[in-house]
Structure formats: C-alpha cells, structure tokens
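Below you'll find the structure, written out as structure tokens, and then a few comments.
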Amino acid sequence: MDYLGINKNQSVNTVKELNQLLANYQVYYQNLRNFHWNVSGEHFFDLHAQFEGLYTDARAKIDAIAERILTLRYRPMSNLASYLREAQIEEAGKVSDDREMVRIILENHRELIERMRSTLIVAEEVKDEGTIDMIAGYLSDLEKRSWMLDAWYAQKSERIMA
Ligand SMILES: [Fe+2]
C-alpha cells in the first residue's frame, strides 16, 4: 500500500544520502566507544562520561536513520564492511591524547553535519517533510553538542572575550 504518497523513485537520492549518513554515524559511533574506553589522565571522568553520552545518542539516531530508510521502502546499509567503505569519516586508530580525541570527534561532527545538510537538500526537492523534520532536528542538536565540545577544546587565547 502507498502509505507515503511519495513515489518510490523520487526517494532514491534521499535514501542514498541517508545511507551515507548511516555509514558515517556507524564509524563515528565506534570512534566514540574507542575513546570512551581508552581516555586517561586528568580529564578521564569528564570525557569518559561525555563520550558515553555521545555514543548513546548516536545509537538511537543510527537506528532511526535506518528505520527511516525502511519507511521509504528501501534497505538500509547493514554491514560493517560497507560502512567502512562508504563513510567519509575514518576509523580512529590508537589515540592516547585526550585533546586529540576531542579534535577528532569535532571533525567527525563536521562531516556528519555536512552529510545532514546534503540530505536536507535532496529531501526538500521531493518535499519529503518526514525526513526533513528528522534530520533538521539532528543537525541543530549536533551543532549544539559541537559548540560544547569546542568550548572544552578552546585554548584560553581563543575564548571569546566579554
Ligand atoms: Fe562504559
């Protein structure tokens, strides 16, 4: 039954973008787990908890993105090899410096934000308000989380003076 009122062919580009976003989110998710486990030093308690908060949020969004693809009557990318092949975000290796971890996560966020913006452009072309509503919410949420991480990351000299 056509429960969407959107022609399946019209959703092809949106689904391509959503699958790209999904692949990037999966690699980002694993980067967060890596850093949650391996962070050490004076900021351990802060960052261990922060990374957990971020990956818990990412886990819910990964599921919702995959299920949005299914709602549009397509198949979500579902295996790790495809995620690693398709994602722009790279899997982090051994990182021991906590500032480097935060810098990598901020870079990952920038990539996710870019993917979200391109998803919105194609979804707008076919007036897919369901996808637009979902992704626009994720976008502003990630922007806010990035601001907070960046505030933690900023050197004294970079801070905005009142
Ligand atoms: Fe844990």
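Simple scheme: letters A, B, ... for chains in structure tokens order, numbers from 1 for residues in each chain, numbers from 1 for ligands in the order shown.
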If you count only C-alpha atoms and all ligand atoms, which residues end up within 12 Å of ligand 1, as a CSV table (one decimal) with N, CA and C atoms, in the first residue's frame?
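Heads up, here's the output in out38.csv:
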chain,number,residue,atom,x,y,z
A,32,LEU,N,33.7,6.8,19.1
A,32,LEU,CA,33.4,7.3,20.5
A,32,LEU,C,33.6,6.2,21.5
A,33,ARG,N,33.3,4.9,21.1
A,33,ARG,CA,33.5,3.8,22.0
A,33,ARG,C,35.0,3.6,22.3
A,34,ASN,N,35.7,3.7,21.2
A,34,ASN,CA,37.2,3.6,21.3
A,34,ASN,C,37.7,4.7,22.3
A,35,PHE,N,37.2,5.9,22.2
A,35,PHE,CA,37.7,7.0,23.1
A,35,PHE,C,37.2,6.9,24.5
A,36,HIS,N,35.9,6.4,24.6
A,36,HIS,CA,35.3,6.2,26.0
A,36,HIS,C,36.2,5.1,26.7
A,37,TRP,N,36.6,4.1,26.1
A,37,TRP,CA,37.4,3.1,26.7
A,37,TRP,C,38.9,3.6,27.0
A,38,ASN,N,39.5,4.3,26.1
A,38,ASN,CA,40.9,4.5,26.1
A,38,ASN,C,41.3,5.9,26.7
A,39,VAL,N,40.4,6.7,27.0
A,39,VAL,CA,40.8,8.0,27.5
A,39,VAL,C,41.4,7.8,28.9
A,45,PHE,N,37.3,11.4,34.0
A,45,PHE,CA,35.9,11.3,34.4
A,45,PHE,C,35.0,12.1,33.5
A,47,LEU,N,35.5,13.2,30.3
A,47,LEU,CA,35.5,12.7,28.9
A,47,LEU,C,34.9,11.3,28.8
A,48,HIS,N,35.2,10.4,29.7
A,48,HIS,CA,34.7,9.1,29.7
A,48,HIS,C,33.1,9.2,29.7
A,49,ALA,N,32.6,10.0,30.5
A,49,ALA,CA,31.1,10.2,30.6
A,49,ALA,C,30.6,10.9,29.3
A,50,GLN,N,31.4,11.9,28.9
A,50,GLN,CA,30.9,12.7,27.7
A,50,GLN,C,30.8,11.8,26.5
A,51,PHE,N,31.9,11.0,26.2
A,51,PHE,CA,31.9,10.1,25.1
A,51,PHE,C,30.7,9.1,25.2
A,52,GLU,N,30.4,8.6,26.4
A,52,GLU,CA,29.3,7.7,26.6
A,52,GLU,C,28.0,8.4,26.2
A,53,GLY,N,27.8,9.6,26.6
A,53,GLY,CA,26.6,10.4,26.3
A,53,GLY,C,26.4,10.5,24.8
A,54,LEU,N,27.6,10.8,24.1
A,54,LEU,CA,27.5,11.0,22.7
A,54,LEU,C,27.2,9.7,22.0
A,55,TYR,N,27.8,8.6,22.4
A,55,TYR,CA,27.5,7.3,21.7
A,55,TYR,C,26.1,6.8,22.0
A,56,THR,N,25.6,7.1,23.2
A,56,THR,CA,24.3,6.6,23.5
A,56,THR,C,23.3,7.4,22.6
Could the residues of stretch 35-137 of chain A that have an atom at most 12 Å from stretch 149-154 of chain A be listed as CSV, each with its closest atom pair and the distance in Å to one decimal, counting only C-alpha atoms and ordered by chain and ascending residue number?
residue,atom,partner,partner_atom,distance
A:His43,CA,A:Trp152,CA,10.7
A:Asp46,CA,A:Trp152,CA,10.4
A:Leu47,CA,A:Leu149,CA,10.0
A:Gln50,CA,A:Leu149,CA,9.2
A:Phe51,CA,A:Leu149,CA,10.4
A:Leu54,CA,A:Leu149,CA,10.7
A:Asp98,CA,A:Tyr153,CA,9.8
A:Arg99,CA,A:Tyr153,CA,6.8
A:Glu100,CA,A:Tyr153,CA,9.4
A:Met101,CA,A:Tyr153,CA,10.1
A:Val102,CA,A:Leu149,CA,7.0
A:Arg103,CA,A:Tyr153,CA,7.5
A:Ile104,CA,A:Leu149,CA,10.8
A:Ile105,CA,A:Leu149,CA,8.6
A:Leu106,CA,A:Leu149,CA,7.2
A:Glu107,CA,A:Asp150,CA,10.5
A:Asn108,CA,A:Leu149,CA,12.0
A:His109,CA,A:Leu149,CA,10.2
A:Arg110,CA,A:Asp150,CA,11.7
### Exercise: stretch 89-96 of chain A partners within 6 Å, only C-alpha atoms, chain neighbours under 2 positions left out, as a list in words
Asn24, Val27, Asn31 and Ala87 of chain A
#### Entry: Which of stretch 12-115 of chain A DSSP labels alpha helix (DSSP H), written as number ranges by chain
A: 12-38, 44-71, 80-86, 98-115
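With distances restricted to only C-alpha atoms, A:Arg73 is the closest residue to A:Asn7 from A:Arg68, A:Arg145, A:Arg117, A:Arg73.
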### Query
What is the atom CA of A:Val15 to atom CA of A:Thr119 distance in Å?
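Atom CA of A:Val15 sits 8.6 Å away from atom CA of A:Thr119.
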## Note on the structure
From the list A:Gly41, A:Leu22, A:Gln30, A:Tyr3, the nearest residue to A:Asp97 using only C-alpha atoms is A:Gly41
Applying 12 Å and only C-alpha atoms, which residues near A:Leu139 remain after dropping the ones on its own chain fewer than 2 positions away? List them as a short mmCIF file (atom, residue, chain, number, x, y, z; two decimals) with C-alpha atoms, in the first residue's frame.
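This is the output file part06.cif:
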data_model
loop_
_atom_site.label_atom_id
_atom_site.label_comp_id
_atom_site.auth_asym_id
_atom_site.auth_seq_id
_atom_site.Cartn_x
_atom_site.Cartn_y
_atom_site.Cartn_z
CA LEU A 21 24.81 9.36 6.80
CA LYS A 61 19.96 8.12 15.78
CA HIS A 109 30.72 16.11 13.73
CA ARG A 110 31.60 18.49 10.90
CA GLU A 111 31.42 15.58 8.44
CA LEU A 112 28.07 14.41 9.85
CA ILE A 113 26.70 17.96 9.68
CA GLU A 114 27.80 18.20 6.05
CA ARG A 115 26.05 14.90 5.24
CA MET A 116 22.91 16.10 7.02
CA ARG A 117 22.87 19.33 5.01
CA SER A 118 23.13 17.43 1.72
CA THR A 119 20.38 15.04 2.88
CA LEU A 120 18.13 18.03 3.55
CA THR A 131 13.00 13.13 6.52
CA ILE A 132 13.48 16.91 6.66
CA ASP A 133 11.93 17.15 10.13
CA MET A 134 14.04 14.29 11.48
CA ILE A 135 17.38 15.37 10.00
CA ALA A 136 16.92 19.09 10.72
CA GLY A 137 16.44 18.19 14.40
CA ASP A 141 21.38 19.01 18.06
CA LEU A 142 24.80 18.09 16.71
CA GLU A 143 25.70 21.74 16.19
CA LYS A 144 24.96 22.38 19.86
CA ARG A 145 26.98 19.37 21.02
CA SER A 146 29.85 20.59 18.82
#
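Residue nearest A:Leu80, chosen from A:Ala23, A:Ala66, A:Val122, A:Val12 and counting only C-alpha atoms: A:Ala23.
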